[in-house]
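Structure first, then comments.
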There are 2 protein chains.
Amino acid sequence: MPWRAGTAGSPIAECTAYVTLEPCGHTGKTGPCADALIAAGITRVVFARHDPHDVSGGGASKLQAAGIEVSCTPCPEAQRVSDPFCRRVTQGLPSITCKWAQTLDGKIATRSGHSQWISNETSRRVVHRIRSRMDAIITGIGTVMRDDPLLTARLPAGRPPKRVALRIVFDPAFDIPHSCQLVQTSCAIPVGTPVRTVDTMPAGRAPTIVCISDHAYRSQTVKVDSLSREGVTVIAIPEHGRTMPSLEWVARELVRRYEVTNILVEAGGGLTGTLLKAKLVGELHVFIGPRLLADDRAIDPARMFQIEHIQDGTELALRRARVLDGDVELKYRVVKP
Amino acid sequence: MPWRAGTAGSPIAECTAYVTLEPCGHTGKTGPCADALIAAGITRVVFARHDPHDVSGGGASKLQAAGIEVSCTPCPEAQRVSDPFCRRVTQGLPSITCKWAQTLDGKIATRSGHSQWISNETSRRVVHRIRSRMDAIITGIGTVMRDDPLLTARLPAGRPPKRVALRIVFDPAFDIPHSCQLVQTSCAIPVGTPVRTVDTMPAGRAPTIVCISDHAYRSQTVKVDSLSREGVTVIAIPEHGRTMPSLEWVARELVRRYEVTNILVEAGGGLTGTLLKAKLVGELHVFIGPRLLADDRAIDPARMFQIEHIQDGTELALRRARVLDGDVELKYRVVKP
């Protein structure tokens, strides 16, 4: 809750505060919200959901003890705002949004991998704003090799990002080159640092984390060491059977190490499809550029499924549709993965 | 121009009439628009485009001769309304819109061809309304074999369609079965009948036209005869070289035989892609259902191109974006085929 301690007799004394989540009762990055509300002279607090967190809970009883009228109104729209936080503290999982830009006919690149630019400048500015609210951005090694992205939030001058997102590369075979921008602009983040406390970074730098297979970790120790010296964090993913290393393990590890709540995925069809298949994706954020490739060898935004009946596809619910200067921005919630 | 003759002293006397196209000066399906405007006592007429048609032109001078002030203001939005008419009378070509329903990731069917339903009931109602304004609806033999469609406009009770559209099947090898709905519900239309004059048909019937190769026409005379007896019109497409019969020839023939102005294409990716490649498509009308297949063997809305650079794709311009009960309706103009 973005709250600043007021004083009794402040302009908000005698007011009712409507908040999405039960005000916290503990000292985290800031002092307890409950104390701030009491100090401000608020007389009534309405929230949409009890705080499920052991650590921060107990705010409601603190308020009541101070004579404030407290009630919980479980409004679904308001609850949605705190869904990612609750998912993290109750299930240990982050909320994952897959984002991509596609042509009208659902292609994220031509047959030769060319993709710049499918969406227009207005859409790309929106993407930077989305990145600036994320705790982490995941991409695959294929995207790094092809596009050499920075994955930072570049906002108009004078508007600092809300968050400095971790940049995470899923790279089982440990193919990432030293020369890529993600390595060259990395800075270290100690395990146990909650990502939301990372306010500032040396200019143009952000933490880069490379997730590699356990096998690669053991066999390429020299590369692990040299990347670590460049400020890159290398995570070895334990092997769970013969197939791909577990993406769920990576997701949980990001919560455990850095308290990551919201993750944006900007990857190719393989990684996006694998995340969908692992039922880890909560939302899709898609930008449609006014173009048609009409080439069935052009690249799809997601693969990995074999669907016979339409009803067996991933079911979505539209949450936003907006025209951005000729592009179309669509936001969906995943209803049935 | 939808105009009814008024009388001098009518409520619109002394008014200015703003119309998209120069009022006609001839008697067609109805009497001359110019005469009706004069009779109604209109004193000024503003139109957005001169009538390019030899037959119907001359309305402006007729109005001026009657003392009416006449001016032409070439407003692009107003001109767009008469574009299809002008394209027909000046170039002998119809205006072609390709329509399809797709999943978010641009698939019109699963790998096994299943497609019912990608879009919701609201979208499908809109499609029937679109059909009810068309002169012809084209589909491919693949769609007939798979879906056995009727291609008629089914509107809510009490709302008759504006037009009874010709139903056209592109079927070079002449595979259409007698038993399909398009054959079973066909009724004959004599060559030279302008489609806009076809107001009524026996209940549930509409003309069906099958376009086959000249070779098939000559080798399958028994089938040609028996389909003709069922009220189906069979058109033989002259062979232009080794490849597919000419779609442009079919388009021009539909103008020549039936004065077709607006055509809707509801076909698979092969026919849609071929029409795009032939630069015959003016607009795309796409319905996006809230679903993702994430299967790269699912069916694309258009193919037939080999695109290396994004900029080489078909360039579109968004004309409409609308949410229909969770589906998204997008309408595009083809800018650069």
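Following the order of the structure tokens, first chain is A, next is B, and so on, with residues numbered from 1 inside each chain and ligands from 1 in the order they appear.
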Just want the 7 Å neighbourhood of Thr73 in chain B, counted on only C-alpha atoms, with same-chain residues fewer than 5 positions away dropped. Output as a list in words. Val46, Phe47 and Ala48 of chain B
Prev. selection, N, CA and C atoms, output as an mmCIF file, in the first residue's frame:
data_model
loop_
_atom_site.group_PDB
_atom_site.id
_atom_site.type_symbol
_atom_site.label_atom_id
_atom_site.label_comp_id
_atom_site.auth_asym_id
_atom_site.auth_seq_id
_atom_site.Cartn_x
_atom_site.Cartn_y
_atom_site.Cartn_z
ATOM 1 N N VAL B 46 -24.058 18.846 -52.340
ATOM 2 C CA VAL B 46 -22.609 18.685 -52.205
ATOM 3 C C VAL B 46 -22.298 17.197 -52.317
ATOM 4 N N PHE B 47 -21.418 16.827 -53.246
ATOM 5 C CA PHE B 47 -21.038 15.415 -53.328
ATOM 6 C C PHE B 47 -19.530 15.267 -53.299
ATOM 7 N N ALA B 48 -19.069 14.033 -52.982
ATOM 8 C CA ALA B 48 -17.635 13.831 -52.745
ATOM 9 C C ALA B 48 -16.898 13.328 -53.980
#
Using only C-alpha atoms, tabulate the residues of chain B lying at most 6 Å from any atom of chain A, each with its closest atom pair and that distance in Å to one decimal, by chain and increasing residue number, as CSV.
residue,atom,partner,partner_atom,distance
B:Asp105,CA,A:Gly106,CA,4.6
B:Gly106,CA,A:Gly106,CA,4.3
B:Thr110,CA,A:Glu308,CA,5.6
B:Ser112,CA,A:Glu308,CA,5.6
B:His114,CA,A:His309,CA,5.7
B:Pro290,CA,A:Leu316,CA,4.9
B:Arg291,CA,A:Glu315,CA,4.8
B:Leu292,CA,A:Thr314,CA,5.0
B:Leu293,CA,A:Gly313,CA,4.7
B:Ala294,CA,A:Arg303,CA,4.2
B:Asp295,CA,A:Arg303,CA,4.8
B:Asp296,CA,A:Arg303,CA,5.7
B:Ala302,CA,A:Ala294,CA,4.6
B:Arg303,CA,A:Ala294,CA,4.2
B:Phe305,CA,A:Asp295,CA,4.9
B:Gln306,CA,A:Asp295,CA,5.6
B:Glu308,CA,A:Thr110,CA,5.6
B:His309,CA,A:His114,CA,5.7
B:Gly313,CA,A:Leu293,CA,4.7
B:Thr314,CA,A:Leu292,CA,5.1
B:Glu315,CA,A:Arg291,CA,4.8
B:Leu316,CA,A:Pro290,CA,4.9
B:Ala317,CA,A:Pro290,CA,5.9
B:Leu318,CA,A:Gly326,CA,5.5
B:Gly326,CA,A:Leu318,CA,5.5
Grab the CA of Phe287 in chain A to CA of Ala101 in chain A distance for me, in Å with one decimal place. 4.5 Å
Between A:Val55, A:Ile96, A:Ile138, A:Leu150, single out the one closest to Ala278 in chain A, counting only C-alpha atoms. A:Ile96
Interatomic distance, CA of Ile212 in chain B to CA of Glu259 in chain B (Å, one decimal): 20.3 Å
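Note that the spacing between CA of Gln220 in chain B and CA of Ser179 in chain B amounts to 17.2 Å.
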Can you tell me, as a ChimeraX atom specification, what residues are no more than 10 Å from range 248-256 of chain A when counting only C-alpha atoms, ignoring any on the same chain fewer than 5 positions away? /A:88-89,91-96,135-136,166,168,170,191-195,209,211,235-238,240,261-263,275,278-280
